[in-house]
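File shown: model_9.cif (mmCIF, C-alpha atoms).
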data_run
loop_
_atom_site.label_atom_id
_atom_site.label_comp_id
_atom_site.auth_asym_id
_atom_site.auth_seq_id
_atom_site.Cartn_x
_atom_site.Cartn_y
_atom_site.Cartn_z
CA MET H 1 -16.32 18.52 -31.38
CA MET H 2 -19.07 18.99 -28.78
CA LYS H 3 -20.37 15.48 -29.47
CA LEU H 4 -16.94 14.02 -28.80
CA PHE H 5 -16.67 15.96 -25.55
CA LEU H 6 -20.09 14.72 -24.39
CA ILE H 7 -19.21 11.12 -25.25
CA MET H 8 -15.94 11.38 -23.30
CA LEU H 9 -17.73 12.97 -20.34
CA LEU H 10 -20.41 10.26 -20.33
CA SER H 11 -17.74 7.56 -20.52
CA ALA H 12 -15.87 9.06 -17.57
CA VAL H 13 -19.04 9.26 -15.50
CA THR H 14 -19.96 5.68 -16.38
CA LEU H 15 -16.51 4.40 -15.49
CA SER H 16 -16.41 6.24 -12.17
CA ALA H 17 -19.86 4.88 -11.30
CA ALA H 18 -18.62 1.33 -11.89
CA ASP H 19 -17.17 0.96 -8.40
CA ILE H 20 -18.80 -0.31 -5.26
CA LYS H 21 -19.02 2.25 -2.49
CA TRP H 22 -17.23 0.37 0.31
CA GLU H 23 -17.59 1.43 3.93
CA LYS H 24 -14.26 2.11 5.64
CA ASP H 25 -14.87 0.06 8.79
CA ILE H 26 -17.27 -2.60 10.03
CA GLY H 27 -18.74 -0.37 12.76
CA SER H 28 -19.86 2.34 10.36
CA ALA H 29 -21.09 -0.31 7.91
CA VAL H 30 -23.31 -1.92 10.55
CA GLU H 31 -24.62 1.46 11.73
CA ARG H 32 -25.39 2.58 8.19
CA GLY H 33 -27.16 -0.69 7.37
CA ILE H 34 -29.37 -0.36 10.44
CA LYS H 35 -30.02 3.35 9.88
CA GLU H 36 -30.86 2.96 6.18
CA GLN H 37 -32.64 -0.39 6.69
CA LYS H 38 -30.45 -2.16 4.15
CA PRO H 39 -28.71 -5.51 4.31
CA LEU H 40 -24.97 -5.39 4.87
CA MET H 41 -22.75 -7.35 2.50
CA VAL H 42 -19.43 -8.27 4.09
CA LEU H 43 -16.80 -9.57 1.72
CA VAL H 44 -14.04 -11.48 3.51
CA THR H 45 -10.82 -11.59 1.51
CA LYS H 46 -7.12 -12.26 2.01
CA ASN H 47 -4.15 -10.56 0.38
CA GLY H 48 -2.74 -12.70 -2.43
CA CYS H 49 -5.93 -14.79 -2.70
CA ARG H 50 -6.37 -15.59 -6.39
CA TRP H 51 -10.10 -16.29 -6.14
CA CYS H 52 -10.67 -13.09 -4.14
CA ASP H 53 -9.10 -11.16 -7.01
CA VAL H 54 -11.24 -13.04 -9.56
CA LEU H 55 -14.41 -12.19 -7.62
CA LYS H 56 -13.47 -8.52 -7.19
CA GLN H 57 -12.22 -7.99 -10.76
CA ASN H 58 -14.99 -9.89 -12.56
CA THR H 59 -18.24 -10.33 -10.63
CA LEU H 60 -17.97 -7.21 -8.47
CA LYS H 61 -17.17 -5.05 -11.52
CA ASN H 62 -20.37 -6.08 -13.31
CA PRO H 63 -22.32 -2.81 -13.75
CA LYS H 64 -25.64 -4.42 -12.71
CA ILE H 65 -24.10 -5.81 -9.53
CA VAL H 66 -22.39 -2.52 -8.71
CA ALA H 67 -25.66 -0.61 -9.19
CA ILE H 68 -27.66 -3.02 -7.00
CA LEU H 69 -25.04 -3.04 -4.24
CA ASN H 70 -24.72 0.74 -4.21
CA ARG H 71 -28.50 1.25 -4.20
CA ASP H 72 -29.86 -1.58 -2.03
CA PHE H 73 -26.98 -2.70 0.20
CA VAL H 74 -24.22 -1.43 2.43
CA ALA H 75 -20.89 -3.00 1.42
CA TYR H 76 -17.78 -3.66 3.51
CA GLU H 77 -14.61 -5.60 2.71
CA GLY H 78 -12.69 -7.17 5.57
CA VAL H 79 -9.19 -8.46 4.86
CA VAL H 80 -8.09 -11.40 7.00
CA ASP H 81 -4.37 -10.58 7.11
CA GLU H 82 -5.08 -6.93 7.92
CA GLY H 83 -7.18 -7.84 10.95
CA THR H 84 -10.31 -6.12 9.63
CA VAL H 85 -12.63 -9.15 9.69
CA PRO H 86 -14.88 -9.55 12.74
CA PRO H 87 -14.05 -12.88 14.45
CA SER H 88 -17.64 -14.09 14.02
CA LEU H 89 -17.28 -13.83 10.22
CA MET H 90 -13.96 -15.67 9.88
CA THR H 91 -14.13 -18.66 7.53
CA GLN H 92 -11.83 -21.51 6.54
CA GLY H 93 -11.35 -20.06 3.08
CA THR H 94 -11.67 -16.88 1.09
CA PRO H 95 -13.43 -15.20 -0.51
CA ALA H 96 -16.53 -15.45 1.65
CA THR H 97 -19.53 -13.19 1.13
CA TRP H 98 -21.81 -12.67 4.11
CA PHE H 99 -25.16 -10.91 4.21
CA ILE H 100 -26.06 -9.32 7.53
CA LYS H 101 -29.33 -7.92 8.88
CA GLY H 102 -28.66 -5.61 11.80
CA LYS H 103 -25.82 -7.47 13.50
CA SER H 104 -26.76 -11.05 12.57
CA PRO H 105 -25.90 -13.09 9.48
CA MET H 106 -28.95 -13.89 7.36
CA PHE H 107 -27.46 -17.04 5.79
CA GLU H 108 -24.26 -19.05 5.66
CA PRO H 109 -21.65 -17.24 3.54
CA ILE H 110 -21.30 -17.67 -0.19
CA MET H 111 -17.88 -19.20 -0.64
CA GLY H 112 -15.62 -18.66 -3.62
CA ALA H 113 -15.58 -16.59 -6.77
CA VAL H 114 -19.20 -16.70 -7.87
CA GLU H 115 -20.19 -15.88 -11.45
CA SER H 116 -22.21 -12.71 -12.06
CA ALA H 117 -25.48 -14.48 -12.90
CA ASP H 118 -25.40 -16.48 -9.66
CA PHE H 119 -24.38 -13.44 -7.63
CA LEU H 120 -27.31 -11.47 -9.07
CA LYS H 121 -29.67 -14.29 -8.04
CA ALA H 122 -28.19 -14.27 -4.53
CA LEU H 123 -28.66 -10.49 -4.24
CA ASP H 124 -32.29 -10.87 -5.27
CA ILE H 125 -32.88 -13.59 -2.65
CA VAL H 126 -31.22 -11.49 0.05
CA LYS H 127 -33.33 -8.45 -0.83
CA GLN H 128 -36.54 -10.52 -0.75
CA GLU H 129 -35.68 -12.16 2.58
CA TYR H 130 -34.61 -8.85 4.10
CA LYS H 131 -37.86 -7.22 3.01
CA LYS H 132 -39.93 -10.16 4.39
CA SER H 133 -38.19 -10.01 7.75
CA THR H 134 -38.67 -6.24 8.13
CA THR H 135 -42.39 -6.30 7.29
CA LYS H 136 -43.31 -8.92 9.89
#

Take the structure in this file and express it as structure tokens.
Amino acid sequence: MMKLFLIMLLSAVTLSAADIKWEKDIGSAVERGIKEQKPLMVLVTKNGCRWCDVLKQNTLKNPKIVAILNRDFVAYEGVVDEGTVPPSLMTQGTPATWFIKGKSPMFEPIMGAVESADFLKALDIVKQEYKKSTTK
């Protein structure tokens, strides 16, 4: 009986840890990124966007991606039709994933619903470039 309880408890903890810790607004996200010296990932989405849902329900639910984002990044989601996307990060399409250092984009955005393997590679590149730019 105790074994079953421990398995259920572990499963619950694992499931609750499988979510990205999103900042509530862009201002606090930028401040936290600067304070903690972490890159900011800004996900630009739109309500009803099929590919936004694919990205969020597949790639951004991958446990490895969730762990890396929660540990090494600050994450914020801006929704175009809710007016929560900074004008400088507006794109022609959604989803768009930006990586920001301080208040400036590091690269052009990643457009579309990227597969987990490619997203993991992108996160690694961003971390390396962020580290290089802060040690100069």

Quick one: which residues end up in the PyMOL selection byres ((chain H and resi 15-29) around 8) for this structure, as a list in words?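 Applied to this file, the PyMOL selection byres ((chain H and resi 15-29) around 8) selects Ser11, Ala12, Val13, Thr14, Val30, Glu31, Arg32, Gly33, Leu40, Leu60, Lys61, Asn62, Pro63, Val66, Ala67, Leu69, Asn70, Val74, Ala75, Tyr76, Glu77, Gly78, Thr84 and Pro86 of chain H.
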
Serialized selection, C-alpha atoms, as a JSON list (two decimals), in the frame of the given file:
[["chain", "number", "residue", "atom", "x", "y", "z"],
["H", 11, "SER", "CA", -17.74, 7.56, -20.52],
["H", 12, "ALA", "CA", -15.87, 9.06, -17.57],
["H", 13, "VAL", "CA", -19.04, 9.26, -15.50],
["H", 14, "THR", "CA", -19.96, 5.68, -16.38],
["H", 30, "VAL", "CA", -23.31, -1.92, 10.55],
["H", 31, "GLU", "CA", -24.62, 1.46, 11.73],
["H", 32, "ARG", "CA", -25.39, 2.58, 8.19],
["H", 33, "GLY", "CA", -27.16, -0.69, 7.37],
["H", 40, "LEU", "CA", -24.97, -5.39, 4.87],
["H", 60, "LEU", "CA", -17.97, -7.21, -8.47],
["H", 61, "LYS", "CA", -17.17, -5.05, -11.52],
["H", 62, "ASN", "CA", -20.37, -6.08, -13.31],
["H", 63, "PRO", "CA", -22.32, -2.81, -13.75],
["H", 66, "VAL", "CA", -22.39, -2.52, -8.71],
["H", 67, "ALA", "CA", -25.66, -0.61, -9.19],
["H", 69, "LEU", "CA", -25.04, -3.04, -4.24],
["H", 70, "ASN", "CA", -24.72, 0.74, -4.21],
["H", 74, "VAL", "CA", -24.22, -1.43, 2.43],
["H", 75, "ALA", "CA", -20.89, -3.00, 1.42],
["H", 76, "TYR", "CA", -17.78, -3.66, 3.51],
["H", 77, "GLU", "CA", -14.61, -5.60, 2.71],
["H", 78, "GLY", "CA", -12.69, -7.17, 5.57],
["H", 84, "THR", "CA", -10.31, -6.12, 9.63],
["H", 86, "PRO", "CA", -14.88, -9.55, 12.74]]

Evaluate the PyMOL selection byres ((chain H and resi 38) around 12) here and jot the selected residues down as a PyMOL selection string. chain H and resi 29-37+39-41+68-75+99-103+123+126-131+133-134

Using C-alpha atoms, can you export the residues from the last selection as a short mmCIF file (atom, residue, chain, number, x, y, z; two decimals), in the frame of the given file?
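Saved file result28.cif follows:
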data_model
loop_
_atom_site.label_atom_id
_atom_site.label_comp_id
_atom_site.auth_asym_id
_atom_site.auth_seq_id
_atom_site.Cartn_x
_atom_site.Cartn_y
_atom_site.Cartn_z
CA ALA H 29 -21.09 -0.31 7.91
CA VAL H 30 -23.31 -1.92 10.55
CA GLU H 31 -24.62 1.46 11.73
CA ARG H 32 -25.39 2.58 8.19
CA GLY H 33 -27.16 -0.69 7.37
CA ILE H 34 -29.37 -0.36 10.44
CA LYS H 35 -30.02 3.35 9.88
CA GLU H 36 -30.86 2.96 6.18
CA GLN H 37 -32.64 -0.39 6.69
CA PRO H 39 -28.71 -5.51 4.31
CA LEU H 40 -24.97 -5.39 4.87
CA MET H 41 -22.75 -7.35 2.50
CA ILE H 68 -27.66 -3.02 -7.00
CA LEU H 69 -25.04 -3.04 -4.24
CA ASN H 70 -24.72 0.74 -4.21
CA ARG H 71 -28.50 1.25 -4.20
CA ASP H 72 -29.86 -1.58 -2.03
CA PHE H 73 -26.98 -2.70 0.20
CA VAL H 74 -24.22 -1.43 2.43
CA ALA H 75 -20.89 -3.00 1.42
CA PHE H 99 -25.16 -10.91 4.21
CA ILE H 100 -26.06 -9.32 7.53
CA LYS H 101 -29.33 -7.92 8.88
CA GLY H 102 -28.66 -5.61 11.80
CA LYS H 103 -25.82 -7.47 13.50
CA LEU H 123 -28.66 -10.49 -4.24
CA VAL H 126 -31.22 -11.49 0.05
CA LYS H 127 -33.33 -8.45 -0.83
CA GLN H 128 -36.54 -10.52 -0.75
CA GLU H 129 -35.68 -12.16 2.58
CA TYR H 130 -34.61 -8.85 4.10
CA LYS H 131 -37.86 -7.22 3.01
CA SER H 133 -38.19 -10.01 7.75
CA THR H 134 -38.67 -6.24 8.13
#

If you count all atoms listed in the file, which residues fall within 9 Å of Glu108 in chain H, apart from same-chain ones fewer than 2 positions away, as a list in words?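 With the cut-off at 9 Å, the set is Thr97, Trp98, Phe99, Pro105, Met106, Ile110 and Met111 of chain H.
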
Could you spell out the hits of the PyMOL selection byres ((chain H and resi 81) around 7) on the shown file, as a list of chain:residue names? H:Lys46, H:Asn47, H:Val79, H:Val80, H:Glu82, H:Gly83

Given the selection you just returned, output its residues as a file containing C-alpha atoms, formatted as a PDB file, keeping the file's coordinate frame.
ATOM      1  CA  LYS H  46      -7.120 -12.260   2.010  1.00  0.00           C
ATOM      2  CA  ASN H  47      -4.150 -10.560   0.380  1.00  0.00           C
ATOM      3  CA  VAL H  79      -9.190  -8.460   4.860  1.00  0.00           C
ATOM      4  CA  VAL H  80      -8.090 -11.400   7.000  1.00  0.00           C
ATOM      5  CA  GLU H  82      -5.080  -6.930   7.920  1.00  0.00           C
ATOM      6  CA  GLY H  83      -7.180  -7.840  10.950  1.00  0.00           C
TER       7      GLY H  83
END

Distance in Å - CA of Pro87 in chain H versus CA of Asp53 in chain H: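 Pair CA of Pro87 in chain H / CA of Asp53 in chain H returns 22.1 Å.
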
Which value, in Å to one decimal, gives the distance between CA of Glu115 in chain H and CA of Gln57 in chain H?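 Between CA of Glu115 in chain H and CA of Gln57 in chain H the gap is 11.2 Å.
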
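Of the residues under consideration (H:Thr135, H:Ser88, H:Thr59, H:Ser104), H:Thr59 shows the shortest atom-to-atom contact distance to Ser116 in chain H when counting all atoms listed in the file.
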
Using all atoms listed in the file, which residue out of H:Thr45, H:Pro109, H:Lys64, H:Ala117 lies closest to Pro95 in chain H?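 Smallest separation from Pro95 in chain H among the options: H:Thr45.
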
Kindly give the distance, in Å, that separates CA of Cys49 in chain H and CA of Thr91 in chain H, rounded to a single decimal.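 Those two atoms sit 13.7 Å apart.
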
Determine the nearest neighbour of Phe107 in chain H from the options H:Leu120, H:Leu43, H:Cys52, H:Ile125, counting all atoms listed in the file.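 Smallest distance to Phe107 in chain H is found for H:Ile125.
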
Kindly add N, CA, C and O atoms to the incomplete range 98-119 of chain H and provide the output as a CSV table (one decimal), keeping the file's coordinate frame.
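Listing of out_4.csv after writing:
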chain,number,residue,atom,x,y,z
H,98,TRP,N,-20.8,-12.6,3.1
H,98,TRP,CA,-21.8,-12.7,4.1
H,98,TRP,C,-22.9,-11.6,3.8
H,98,TRP,O,-22.5,-10.5,3.4
H,99,PHE,N,-24.1,-11.9,4.2
H,99,PHE,CA,-25.2,-10.9,4.2
H,99,PHE,C,-25.7,-10.8,5.6
H,99,PHE,O,-26.1,-11.8,6.2
H,100,ILE,N,-25.7,-9.6,6.1
H,100,ILE,CA,-26.1,-9.3,7.5
H,100,ILE,C,-27.3,-8.4,7.6
H,100,ILE,O,-27.4,-7.5,6.9
H,101,LYS,N,-28.2,-8.8,8.5
H,101,LYS,CA,-29.3,-7.9,8.9
H,101,LYS,C,-29.1,-7.5,10.3
H,101,LYS,O,-29.0,-8.3,11.2
H,102,GLY,N,-29.0,-6.1,10.5
H,102,GLY,CA,-28.7,-5.6,11.8
H,102,GLY,C,-27.2,-6.0,12.2
H,102,GLY,O,-26.3,-5.6,11.6
H,103,LYS,N,-27.1,-7.0,13.1
H,103,LYS,CA,-25.8,-7.5,13.5
H,103,LYS,C,-25.7,-9.0,13.3
H,103,LYS,O,-24.8,-9.6,13.8
H,104,SER,N,-26.7,-9.6,12.7
H,104,SER,CA,-26.8,-11.0,12.6
H,104,SER,C,-26.7,-11.5,11.1
H,104,SER,O,-27.4,-11.0,10.3
H,105,PRO,N,-25.9,-12.5,10.8
H,105,PRO,CA,-25.9,-13.1,9.5
H,105,PRO,C,-27.3,-13.6,9.1
H,105,PRO,O,-28.0,-14.2,9.9
H,106,MET,N,-27.7,-13.4,7.9
H,106,MET,CA,-29.0,-13.9,7.4
H,106,MET,C,-28.8,-15.3,6.9
H,106,MET,O,-29.8,-16.1,7.0
H,107,PHE,N,-27.7,-15.7,6.4
H,107,PHE,CA,-27.5,-17.0,5.8
H,107,PHE,C,-26.0,-17.4,6.1
H,107,PHE,O,-25.2,-16.6,6.5
H,108,GLU,N,-25.7,-18.6,5.7
H,108,GLU,CA,-24.3,-19.0,5.7
H,108,GLU,C,-23.6,-18.2,4.5
H,108,GLU,O,-24.3,-17.8,3.6
H,109,PRO,N,-22.3,-18.1,4.6
H,109,PRO,CA,-21.6,-17.2,3.5
H,109,PRO,C,-21.6,-17.9,2.2
H,109,PRO,O,-21.6,-19.2,2.1
H,110,ILE,N,-21.6,-17.2,1.2
H,110,ILE,CA,-21.3,-17.7,-0.2
H,110,ILE,C,-19.8,-17.8,-0.3
H,110,ILE,O,-19.1,-16.8,-0.1
H,111,MET,N,-19.3,-19.0,-0.6
H,111,MET,CA,-17.9,-19.2,-0.6
H,111,MET,C,-17.4,-19.2,-2.1
H,111,MET,O,-18.1,-19.8,-3.0
H,112,GLY,N,-16.3,-18.6,-2.3
H,112,GLY,CA,-15.6,-18.7,-3.6
H,112,GLY,C,-16.0,-17.5,-4.5
H,112,GLY,O,-16.7,-16.6,-4.2
H,113,ALA,N,-15.4,-17.6,-5.7
H,113,ALA,CA,-15.6,-16.6,-6.8
H,113,ALA,C,-16.8,-17.0,-7.6
H,113,ALA,O,-16.7,-17.8,-8.5
H,114,VAL,N,-17.9,-16.4,-7.3
H,114,VAL,CA,-19.2,-16.7,-7.9
H,114,VAL,C,-19.4,-15.9,-9.2
H,114,VAL,O,-19.0,-14.7,-9.2
H,115,GLU,N,-19.9,-16.5,-10.2
H,115,GLU,CA,-20.2,-15.9,-11.4
H,115,GLU,C,-21.3,-14.8,-11.3
H,115,GLU,O,-22.1,-14.9,-10.4
H,116,SER,N,-21.3,-13.8,-12.1
H,116,SER,CA,-22.2,-12.7,-12.1
H,116,SER,C,-23.7,-13.1,-12.0
H,116,SER,O,-24.4,-12.6,-11.2
H,117,ALA,N,-24.1,-14.1,-12.9
H,117,ALA,CA,-25.5,-14.5,-12.9
H,117,ALA,C,-25.9,-15.1,-11.6
H,117,ALA,O,-27.0,-14.8,-11.1
H,118,ASP,N,-25.1,-15.9,-11.0
H,118,ASP,CA,-25.4,-16.5,-9.7
H,118,ASP,C,-25.4,-15.4,-8.6
H,118,ASP,O,-26.2,-15.5,-7.6
H,119,PHE,N,-24.5,-14.5,-8.6
H,119,PHE,CA,-24.4,-13.4,-7.6
H,119,PHE,C,-25.6,-12.6,-7.7
H,119,PHE,O,-26.2,-12.2,-6.7
